[in-house]
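J.: Provided below: start-v6.cif, containing mmCIF, C-alpha atoms and all ligand atoms.
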```cif
data_input
#
loop_
_atom_site.label_atom_id
_atom_site.label_comp_id
_atom_site.auth_asym_id
_atom_site.auth_seq_id
_atom_site.Cartn_x
_atom_site.Cartn_y
_atom_site.Cartn_z
CA MET A 1 261.71 136.61 58.18
CA THR A 2 261.49 137.26 61.92
CA SER A 3 263.47 140.03 63.60
CA PRO A 4 265.48 139.21 66.77
CA MET A 5 263.12 141.51 68.70
CA ALA A 6 260.11 139.49 67.64
CA ILE A 7 261.79 136.23 68.68
CA LYS A 8 262.48 137.71 72.10
CA ASP A 9 258.87 138.83 72.38
CA ILE A 10 257.43 135.37 71.77
CA ASP A 11 258.07 134.26 75.35
CA ARG A 12 257.16 137.59 76.90
CA PRO A 13 253.54 138.03 78.00
CA ARG A 14 252.36 141.16 76.18
CA HIS A 15 249.68 143.66 76.94
CA ASP A 16 248.48 146.10 74.30
CA PRO A 17 248.72 149.49 76.07
CA SER A 18 245.89 150.89 73.95
CA GLN A 19 243.67 148.54 76.00
CA PRO A 20 242.89 149.23 79.69
CA LEU A 21 245.36 147.81 82.19
CA LEU A 22 242.67 147.36 84.85
CA ALA A 23 239.28 145.86 84.04
CA ILE A 24 236.18 147.43 85.53
CA ASP A 25 235.75 144.59 88.03
CA GLU A 26 239.33 144.78 89.34
CA PRO A 27 240.33 146.78 92.43
CA PRO A 28 241.47 150.39 92.06
CA PRO A 29 245.26 150.99 92.21
CA TYR A 30 245.27 151.76 95.92
CA ALA A 31 242.96 151.81 98.94
CA VAL A 32 242.63 153.90 102.08
CA PHE A 33 241.99 152.39 105.48
CA ASN A 34 240.78 154.49 108.42
CA PRO A 35 240.96 157.66 106.27
CA ASP A 36 239.86 159.98 109.09
CA GLY A 37 242.28 158.57 111.65
CA ALA A 38 243.22 161.39 114.00
CA ALA A 39 246.78 160.47 115.01
CA PRO A 40 249.65 162.61 113.70
CA ILE A 41 250.89 159.71 111.57
CA LEU A 42 250.39 158.81 107.95
CA LEU A 43 250.89 155.09 107.38
CA LEU A 44 251.82 153.79 103.94
CA CYS A 45 252.11 150.23 102.72
CA GLU A 46 253.57 150.34 99.23
CA HIS A 47 254.20 146.59 98.90
CA ALA A 48 250.89 145.41 100.34
CA SER A 49 249.68 143.13 97.57
CA ASN A 50 250.87 140.46 95.15
CA ARG A 51 247.89 141.03 92.83
CA ILE A 52 248.67 141.27 89.12
CA PRO A 53 246.25 143.00 86.72
CA ARG A 54 244.48 140.31 84.69
CA ALA A 55 245.69 141.99 81.50
CA LEU A 56 249.26 140.99 82.42
CA GLY A 57 248.38 137.34 83.01
CA ASP A 58 250.95 135.62 85.21
CA MET A 59 253.74 137.96 84.02
CA GLY A 60 255.57 134.83 82.91
CA LEU A 61 256.09 133.75 86.53
CA SER A 62 255.24 130.51 88.26
CA SER A 63 252.51 130.55 90.86
CA HIS A 64 255.24 129.89 93.47
CA ASP A 65 257.14 133.04 92.43
CA ARG A 66 253.96 135.11 92.48
CA GLN A 67 253.40 134.12 96.14
CA ARG A 68 256.97 134.80 97.18
CA HIS A 69 258.48 137.85 98.80
CA ILE A 70 259.65 139.21 95.43
CA ALA A 71 255.99 139.99 94.63
CA TRP A 72 255.03 141.73 97.91
CA ASP A 73 255.88 142.28 101.56
CA ILE A 74 254.35 139.28 103.29
CA GLY A 75 252.46 140.28 106.46
CA ALA A 76 253.04 144.02 105.95
CA LEU A 77 249.44 144.96 105.17
CA ALA A 78 248.08 143.10 108.20
CA LEU A 79 250.64 144.84 110.40
CA ALA A 80 249.87 148.24 108.83
CA GLN A 81 246.14 147.73 109.40
CA HIS A 82 246.79 146.78 113.00
CA LEU A 83 248.80 149.99 113.47
CA SER A 84 246.16 152.05 111.68
CA LEU A 85 243.53 150.90 114.17
CA SER A 86 245.67 150.91 117.31
CA LEU A 87 247.15 154.36 116.60
CA ASP A 88 244.01 155.70 114.87
CA ALA A 89 246.07 156.70 111.84
CA PRO A 90 245.09 156.82 108.15
CA LEU A 91 246.70 154.12 106.00
CA PHE A 92 247.20 154.22 102.23
CA PHE A 93 248.12 150.92 100.60
CA THR A 94 248.62 149.63 97.07
CA ASN A 95 246.43 146.93 95.54
CA TYR A 96 248.98 145.62 92.99
CA SER A 97 252.31 143.86 93.12
CA ARG A 98 255.61 145.75 93.14
CA LEU A 99 256.57 143.48 90.24
CA VAL A 100 254.11 145.45 88.07
CA ILE A 101 255.41 148.78 89.35
CA ASP A 102 257.10 149.65 92.65
CA CYS A 103 255.35 152.58 94.35
CA ASN A 104 258.34 153.12 96.64
CA ARG A 105 260.81 153.74 93.81
CA PRO A 106 261.54 156.84 91.75
CA LEU A 107 260.80 156.52 88.05
CA SER A 108 264.52 156.36 87.21
CA ALA A 109 265.34 153.37 89.45
CA PRO A 110 265.97 150.08 87.60
CA SER A 111 263.77 148.36 90.22
CA PHE A 112 260.83 150.68 89.43
CA ILE A 113 259.61 148.06 86.95
CA PRO A 114 262.11 145.29 87.70
CA GLU A 115 263.40 143.05 84.93
CA VAL A 116 265.04 140.95 87.66
CA SER A 117 264.02 140.70 91.33
CA GLU A 118 266.72 139.25 93.56
CA THR A 119 267.68 136.44 91.17
CA THR A 120 264.35 135.88 89.40
CA GLU A 121 263.75 137.24 85.91
CA ILE A 122 260.39 138.94 85.40
CA PRO A 123 259.55 138.11 81.77
CA ALA A 124 256.61 140.55 81.47
CA ASN A 125 258.93 143.47 82.29
CA ARG A 126 261.52 142.73 79.62
CA ASP A 127 261.97 145.35 76.89
CA LEU A 128 258.82 147.27 77.74
CA SER A 129 257.78 149.85 75.19
CA GLN A 130 257.50 153.44 76.35
CA ALA A 131 253.71 153.20 76.01
CA GLU A 132 253.54 150.07 78.19
CA ARG A 133 255.73 151.67 80.81
CA GLN A 134 253.76 154.92 80.77
CA GLN A 135 250.48 153.07 81.17
CA ARG A 136 251.69 151.40 84.36
CA ILE A 137 252.88 154.77 85.68
CA ASP A 138 249.58 156.46 84.84
CA MET A 139 247.32 153.66 86.06
CA LEU A 140 249.14 152.47 89.20
CA PHE A 141 252.00 154.67 90.38
CA THR A 142 250.66 158.20 89.90
CA PRO A 143 247.23 157.68 91.51
CA PHE A 144 248.88 156.34 94.69
CA ALA A 145 251.57 159.05 94.79
CA LYS A 146 248.97 161.78 94.23
CA ALA A 147 246.58 160.44 96.86
CA VAL A 148 249.38 160.38 99.44
CA THR A 149 250.40 163.91 98.46
CA ARG A 150 246.81 165.13 98.83
CA ARG A 151 246.54 163.61 102.32
CA LEU A 152 249.80 165.29 103.32
CA GLU A 153 248.42 168.57 102.03
CA LEU A 154 245.35 168.06 104.20
CA PHE A 155 247.60 167.62 107.25
CA GLU A 156 249.39 170.80 106.24
CA ALA A 157 246.13 172.72 105.78
CA ARG A 158 245.26 171.70 109.33
CA ARG A 159 248.66 172.89 110.49
CA GLU A 160 249.64 169.36 111.54
CA ARG A 161 253.08 167.87 110.97
CA PRO A 162 252.54 164.14 110.63
CA PHE A 163 255.09 161.39 110.94
CA VAL A 164 255.29 159.46 107.67
CA VAL A 165 255.73 155.75 108.30
CA GLY A 166 256.05 153.11 105.59
CA VAL A 167 255.31 149.57 106.77
CA HIS A 168 257.38 146.83 105.12
CA SER A 169 258.64 143.32 105.70
CA PHE A 170 261.82 141.62 104.61
CA THR A 171 262.84 138.09 103.83
CA PRO A 172 264.92 136.23 106.48
CA VAL A 173 267.37 135.00 103.82
CA TYR A 174 268.59 137.25 100.99
CA PHE A 175 270.94 136.12 98.24
CA GLY A 176 271.50 132.98 100.33
CA ARG A 177 272.53 134.84 103.50
CA GLN A 178 270.67 134.72 106.81
CA ARG A 179 269.86 138.18 108.13
CA PRO A 180 270.51 138.91 111.82
CA TRP A 181 267.72 141.46 112.48
CA GLN A 182 264.14 140.94 113.62
CA ALA A 183 263.29 144.45 112.44
CA GLY A 184 264.97 147.51 111.03
CA ILE A 185 264.34 151.24 110.82
CA LEU A 186 265.28 152.93 107.55
CA TYR A 187 265.62 156.69 107.37
CA GLY A 188 267.21 159.62 105.63
CA GLU A 189 266.97 162.95 107.40
CA ALA A 190 264.72 161.92 110.30
CA VAL A 191 267.68 160.86 112.42
CA ASP A 192 266.17 161.71 115.83
CA PHE A 193 262.86 159.97 115.18
CA ALA A 194 264.58 156.91 113.71
CA ARG A 195 267.21 156.58 116.42
CA SER A 196 264.62 156.90 119.20
CA LEU A 197 262.66 154.05 117.63
CA ILE A 198 265.79 151.94 117.20
CA ARG A 199 266.79 152.53 120.83
CA ALA A 200 263.31 151.77 122.14
CA LEU A 201 262.93 148.58 120.13
CA GLY A 202 266.50 147.50 120.85
CA SER A 203 265.95 147.88 124.60
CA GLU A 204 263.58 144.90 124.46
CA SER A 205 265.60 141.84 125.29
CA GLY A 206 266.42 139.53 122.47
CA LEU A 207 265.79 142.00 119.65
CA THR A 208 268.42 142.99 117.12
CA ILE A 209 267.22 146.10 115.32
CA GLY A 210 268.78 147.25 112.06
CA ASP A 211 269.93 150.88 111.84
CA ASN A 212 269.36 151.58 108.15
CA GLU A 213 269.44 147.80 107.74
CA PRO A 214 268.51 145.55 105.95
CA TYR A 215 268.38 148.42 103.43
CA THR A 216 269.43 152.04 103.30
CA ILE A 217 267.38 154.95 102.01
CA HIS A 218 268.67 156.64 98.89
CA PRO A 219 266.85 159.19 96.74
CA ASP A 220 267.85 157.20 93.63
CA GLU A 221 266.23 154.04 94.98
CA ASP A 222 263.45 155.23 97.32
CA TYR A 223 260.35 157.35 97.01
CA THR A 224 258.35 157.47 100.25
CA VAL A 225 261.02 158.77 102.61
CA PRO A 226 262.83 161.20 100.26
CA VAL A 227 259.72 162.59 98.56
CA HIS A 228 256.84 162.37 101.04
CA ALA A 229 258.89 162.97 104.20
CA ASP A 230 262.38 164.48 103.79
CA ALA A 231 261.47 166.89 100.98
CA ARG A 232 258.54 168.17 103.08
CA LYS A 233 260.68 168.35 106.21
CA LEU A 234 258.44 165.78 107.87
CA PRO A 235 259.90 163.01 110.04
CA GLY A 236 259.69 159.85 107.96
CA VAL A 237 260.92 156.27 108.32
CA LEU A 238 260.29 152.85 106.91
CA LEU A 239 259.61 150.07 109.40
CA GLU A 240 260.94 146.74 108.24
CA VAL A 241 259.90 143.56 110.08
CA ARG A 242 261.18 140.08 109.21
CA HIS A 243 258.24 138.52 107.45
CA ASP A 244 258.26 135.16 109.21
CA LEU A 245 257.60 137.06 112.47
CA ILE A 246 254.36 138.57 111.12
CA GLY A 247 253.16 135.59 109.10
CA ASP A 248 250.20 134.88 111.36
CA ALA A 249 247.67 136.77 113.50
CA ALA A 250 249.61 136.24 116.73
CA GLY A 251 252.80 137.64 115.22
CA VAL A 252 250.97 140.63 113.75
CA ALA A 253 249.33 141.32 117.12
CA ALA A 254 252.63 141.09 119.00
CA TRP A 255 254.55 143.35 116.59
CA GLY A 256 251.56 145.64 116.21
CA GLU A 257 251.35 146.16 119.96
CA ARG A 258 255.10 146.68 120.30
CA LEU A 259 255.35 149.17 117.43
CA THR A 260 252.23 151.03 118.59
CA ARG A 261 253.83 151.58 121.99
CA HIS A 262 257.10 152.89 120.58
CA LEU A 263 255.56 155.00 117.81
CA LYS A 264 253.20 156.64 120.30
CA ALA A 265 256.09 157.37 122.64
CA SER A 266 258.04 158.95 119.76
CA TYR A 267 255.35 161.33 118.66
CA THR A 268 254.20 162.18 122.18
CA LYS A 269 257.80 163.08 123.06
CA SER A 270 258.19 165.34 120.04
CA ARG A 271 255.13 167.45 120.82
ZN ZN B 1 258.83 146.69 101.07
#
```
Let me see whether you can do it: turn the structure in this file into C-alpha cells.
T.:
Amino acid sequence: MTSPMAIKDIDRPRHDPSQPLLAIDEPPPYAVFNPDGAAPILLLCEHASNRIPRALGDMGLSSHDRQRHIAWDIGALALAQHLSLSLDAPLFFTNYSRLVIDCNRPLSAPSFIPEVSETTEIPANRDLSQAERQQRIDMLFTPFAKAVTRRLELFEARRERPFVVGVHSFTPVYFGRQRPWQAGILYGEAVDFARSLIRALGSESGLTIGDNEPYTIHPDEDYTVPVHADARKLPGVLLEVRHDLIGDAAGVAAWGERLTRHLKASYTKSR
C-alpha cells in the first residue's frame, strides 16, 4: 500500500541530502569579481544565474521555464560587472538560481525556496524535508551571506562606510500587466541616497523611475537591504532595471554608463 505522501513524491525530483548538493566539478555557490575594487561601494547580484545543481536535475521544470525570469534576473550580472569595472567596486554574485534558494530572502520568507514563482509551480521545492532545506541553506545561502558579511567587516576595519547596492532586473509584464517603469530604486532606511538616485535618473528625459517600485523592501521578504545595509546603518538600495533594456551588450553599456554617473555623483556628494 502506498501512502499519499509517496504518491505525491513520485512526480517530484528528489535529491538525497546525505549526498553532496554540488559535485566537485560544479561552480562554488558564489563568485567575487574585482575583489580589491577601491570604490566605496559593495555591489551584489543575488539573482545572477539560472544554474541548477546537477543533483536537482531540471527541478521538474521545462527548459523554457529554466531560461525565464523566474529562474534569474536576465541581464543583471552583465550590468553588475559593467558597474564593478566602471566604478572599480567589488562585486559578489551567486552562481545558482533563485529557484534553488533565494539569497535575497530571509529564511522565513515563503519565496526563500519557492514552491510557486509568479504562477509557475516548482516541483522540486514541494514538501521539502528539513534535511533537504537545510542542505540548500548550508551549501548555497550561508556561504554567500557570510562572504558578503566578511567584506563589509573589511570595509569597517578600514573605517570605510560603503554603499551597498544590489543589482537586479525585472520583467516588463508581471501577472499579465505591463509595468510603466524603465528602472526602479528600492530602499528601506536609505531615503536620501535612494531619492537622489531617483531624482537623477528621472531627470533624464523619457525615463519613468519607480520609487520603491516595482517592489518594496520589507524585512520579512528581503535580505540584502535590511541585513547588509539598514542593520549596519549603511546606505543600501536595490537597483532594478527592466530586463529587456539590458538584454544585449549595447543596453548593458548604456545603462551601465548612466548608473555609473549617478552612483558616482551620489557617493561623491555624501563625502
Ligand atoms: Zn532580483
J.: Residues at most 6 Å from ligand ZN 1 (chain B), using only C-alpha atoms and all ligand atoms? Could they come as a PyMOL selection string?
T.: chain A and resi 47+73+168-169
J.: So how far away is atom CA of A:Thr171 from atom CA of A:Tyr267, in Å?
T.: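 Atom-to-atom, atom CA of A:Tyr267 and atom CA of A:Thr171 are spaced 28.6 Å apart.
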J.: Env of stretch 151-157 of chain A: 9 Å cut, atoms = only C-alpha atoms, seq-sep filter 3 positions within chain, self excluded. Answer as a PyMOL selection string.
T.: chain A and resi 40+42+146-148+160-162+228
J.: Enter the distance from atom CA of A:Arg133 to atom CA of A:Leu107, in Å, rounded to one decimal.
T.: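 Pair atom CA of A:Arg133 / atom CA of A:Leu107 returns 10.1 Å.
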J.: Within 12 Å of A:Asp88, counting all atoms listed in the file, which residues show up once you throw out same-chain ones fewer than 4 positions away? Write them as a list in words, please.
T.: Phe33, Asn34, Pro35, Asp36, Gly37, Ala38, Ala39, Pro40, Ile41, Leu42, Leu43, Ala80, Gln81, His82, Leu83, Ser84, Thr260, Leu263 and Lys264 of chain A
J.: Residues near A:Arg126, anyone? I mean within 12 Å using all atoms listed in the file, not counting same-chain ones fewer than 2 positions away, as a ChimeraX atom specification.
T.: /A:5,8-14,59-60,99-100,110,113-116,121-124,128-130,132-133
J.: Is it possible to dump stretch 222-238 of chain A as an mmCIF file, in the first residue's frame, including just all heavy atoms?
T.:
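This is the output file out-v7.cif:
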```
data_model
loop_
_atom_site.group_PDB
_atom_site.id
_atom_site.type_symbol
_atom_site.label_atom_id
_atom_site.label_comp_id
_atom_site.auth_asym_id
_atom_site.auth_seq_id
_atom_site.Cartn_x
_atom_site.Cartn_y
_atom_site.Cartn_z
ATOM 1 N N ASP A 222 12.930 40.534 2.318
ATOM 2 C CA ASP A 222 14.212 40.942 1.738
ATOM 3 C C ASP A 222 15.354 40.627 2.685
ATOM 4 O O ASP A 222 15.162 40.589 3.899
ATOM 5 C CB ASP A 222 14.218 42.451 1.464
ATOM 6 C CG ASP A 222 13.440 42.793 0.218
ATOM 7 O OD1 ASP A 222 12.207 42.935 0.326
ATOM 8 O OD2 ASP A 222 14.055 42.873 -0.851
ATOM 9 N N TYR A 223 16.536 40.490 2.121
ATOM 10 C CA TYR A 223 17.706 40.212 2.961
ATOM 11 C C TYR A 223 18.785 41.285 2.780
ATOM 12 O O TYR A 223 19.236 41.883 3.747
ATOM 13 C CB TYR A 223 18.264 38.826 2.608
ATOM 14 C CG TYR A 223 19.227 38.319 3.650
ATOM 15 C CD1 TYR A 223 18.752 37.671 4.798
ATOM 16 C CD2 TYR A 223 20.603 38.471 3.497
ATOM 17 C CE1 TYR A 223 19.626 37.218 5.769
ATOM 18 C CE2 TYR A 223 21.480 38.011 4.476
ATOM 19 C CZ TYR A 223 20.986 37.380 5.599
ATOM 20 O OH TYR A 223 21.852 36.934 6.564
ATOM 21 N N THR A 224 19.172 41.563 1.544
ATOM 22 C CA THR A 224 20.318 42.450 1.311
ATOM 23 C C THR A 224 20.139 43.805 1.989
ATOM 24 O O THR A 224 21.004 44.234 2.766
ATOM 25 C CB THR A 224 20.533 42.638 -0.211
ATOM 26 O OG1 THR A 224 20.985 41.385 -0.742
ATOM 27 C CG2 THR A 224 21.561 43.708 -0.507
ATOM 28 N N VAL A 225 19.072 44.501 1.679
ATOM 29 C CA VAL A 225 18.914 45.862 2.214
ATOM 30 C C VAL A 225 18.712 45.845 3.734
ATOM 31 O O VAL A 225 19.448 46.527 4.457
ATOM 32 C CB VAL A 225 17.798 46.630 1.466
ATOM 33 C CG1 VAL A 225 17.399 47.895 2.231
ATOM 34 C CG2 VAL A 225 18.270 46.992 0.057
ATOM 35 N N PRO A 226 17.772 45.056 4.274
ATOM 36 C CA PRO A 226 17.591 45.099 5.734
ATOM 37 C C PRO A 226 18.813 44.608 6.518
ATOM 38 O O PRO A 226 19.152 45.191 7.541
ATOM 39 C CB PRO A 226 16.390 44.173 5.985
ATOM 40 C CG PRO A 226 15.745 43.972 4.674
ATOM 41 C CD PRO A 226 16.761 44.215 3.615
ATOM 42 N N VAL A 227 19.444 43.537 6.044
ATOM 43 C CA VAL A 227 20.507 42.915 6.854
ATOM 44 C C VAL A 227 21.876 43.534 6.571
ATOM 45 O O VAL A 227 22.583 43.942 7.487
ATOM 46 C CB VAL A 227 20.548 41.383 6.615
ATOM 47 C CG1 VAL A 227 21.732 40.750 7.345
ATOM 48 C CG2 VAL A 227 19.231 40.765 7.074
ATOM 49 N N HIS A 228 22.251 43.606 5.297
ATOM 50 C CA HIS A 228 23.608 44.068 4.973
ATOM 51 C C HIS A 228 23.736 45.597 5.012
ATOM 52 O O HIS A 228 24.837 46.106 5.180
ATOM 53 C CB HIS A 228 24.047 43.552 3.604
ATOM 54 C CG HIS A 228 24.266 42.068 3.569
ATOM 55 N ND1 HIS A 228 25.007 41.394 4.526
ATOM 56 C CD2 HIS A 228 23.839 41.113 2.693
ATOM 57 C CE1 HIS A 228 25.027 40.099 4.236
ATOM 58 N NE2 HIS A 228 24.325 39.899 3.142
ATOM 59 N N ALA A 229 22.625 46.303 4.806
ATOM 60 C CA ALA A 229 22.707 47.767 4.785
ATOM 61 C C ALA A 229 22.040 48.388 6.012
ATOM 62 O O ALA A 229 22.722 48.912 6.892
ATOM 63 C CB ALA A 229 22.094 48.308 3.498
ATOM 64 N N ASP A 230 20.719 48.317 6.090
ATOM 65 C CA ASP A 230 19.996 49.055 7.151
ATOM 66 C C ASP A 230 20.459 48.659 8.558
ATOM 67 O O ASP A 230 20.681 49.521 9.408
ATOM 68 C CB ASP A 230 18.482 48.854 7.010
ATOM 69 C CG ASP A 230 17.907 49.571 5.778
ATOM 70 O OD1 ASP A 230 18.664 50.354 5.158
ATOM 71 O OD2 ASP A 230 16.742 49.321 5.443
ATOM 72 N N ALA A 231 20.632 47.376 8.812
ATOM 73 C CA ALA A 231 21.020 46.946 10.160
ATOM 74 C C ALA A 231 22.426 47.429 10.521
ATOM 75 O O ALA A 231 22.758 47.574 11.694
ATOM 76 C CB ALA A 231 20.947 45.420 10.277
ATOM 77 N N ARG A 232 23.257 47.674 9.510
ATOM 78 C CA ARG A 232 24.616 48.179 9.755
ATOM 79 C C ARG A 232 24.701 49.698 9.637
ATOM 80 O O ARG A 232 25.784 50.258 9.634
ATOM 81 C CB ARG A 232 25.578 47.563 8.736
ATOM 82 C CG ARG A 232 25.828 46.101 8.930
ATOM 83 C CD ARG A 232 26.757 45.557 7.853
ATOM 84 N NE ARG A 232 27.191 44.224 8.193
ATOM 85 C CZ ARG A 232 28.298 43.947 8.896
ATOM 86 N NH1 ARG A 232 29.094 44.908 9.277
ATOM 87 N NH2 ARG A 232 28.598 42.700 9.199
ATOM 88 N N LYS A 233 23.543 50.304 9.424
ATOM 89 C CA LYS A 233 23.481 51.760 9.224
ATOM 90 C C LYS A 233 24.314 52.195 8.017
ATOM 91 O O LYS A 233 24.961 53.246 8.020
ATOM 92 C CB LYS A 233 23.937 52.512 10.480
ATOM 93 C CG LYS A 233 23.230 52.080 11.750
ATOM 94 C CD LYS A 233 22.279 53.174 12.227
ATOM 95 C CE LYS A 233 21.495 52.794 13.471
ATOM 96 N NZ LYS A 233 20.283 52.009 13.201
ATOM 97 N N LEU A 234 24.318 51.362 7.003
ATOM 98 C CA LEU A 234 24.978 51.712 5.740
ATOM 99 C C LEU A 234 23.895 52.056 4.726
ATOM 100 O O LEU A 234 22.816 51.460 4.752
ATOM 101 C CB LEU A 234 25.792 50.527 5.216
ATOM 102 C CG LEU A 234 26.976 50.076 6.065
ATOM 103 C CD1 LEU A 234 27.582 48.792 5.504
ATOM 104 C CD2 LEU A 234 28.034 51.184 6.140
ATOM 105 N N PRO A 235 24.173 53.017 3.831
ATOM 106 C CA PRO A 235 23.175 53.335 2.805
ATOM 107 C C PRO A 235 23.083 52.193 1.791
ATOM 108 O O PRO A 235 24.079 51.829 1.170
ATOM 109 C CB PRO A 235 23.730 54.615 2.152
ATOM 110 C CG PRO A 235 25.186 54.649 2.490
ATOM 111 C CD PRO A 235 25.393 53.826 3.725
ATOM 112 N N GLY A 236 21.899 51.629 1.659
ATOM 113 C CA GLY A 236 21.752 50.486 0.761
ATOM 114 C C GLY A 236 20.494 50.574 -0.076
ATOM 115 O O GLY A 236 19.429 50.973 0.419
ATOM 116 N N VAL A 237 20.608 50.213 -1.346
ATOM 117 C CA VAL A 237 19.447 50.174 -2.247
ATOM 118 C C VAL A 237 19.557 48.955 -3.152
ATOM 119 O O VAL A 237 20.624 48.361 -3.301
ATOM 120 C CB VAL A 237 19.362 51.432 -3.166
ATOM 121 C CG1 VAL A 237 19.195 52.709 -2.357
ATOM 122 C CG2 VAL A 237 20.559 51.529 -4.104
ATOM 123 N N LEU A 238 18.443 48.611 -3.767
ATOM 124 C CA LEU A 238 18.471 47.699 -4.899
ATOM 125 C C LEU A 238 18.165 48.511 -6.151
ATOM 126 O O LEU A 238 17.229 49.313 -6.157
ATOM 127 C CB LEU A 238 17.433 46.586 -4.765
ATOM 128 C CG LEU A 238 17.498 45.672 -3.537
ATOM 129 C CD1 LEU A 238 16.496 44.521 -3.690
ATOM 130 C CD2 LEU A 238 18.896 45.118 -3.298
#
```
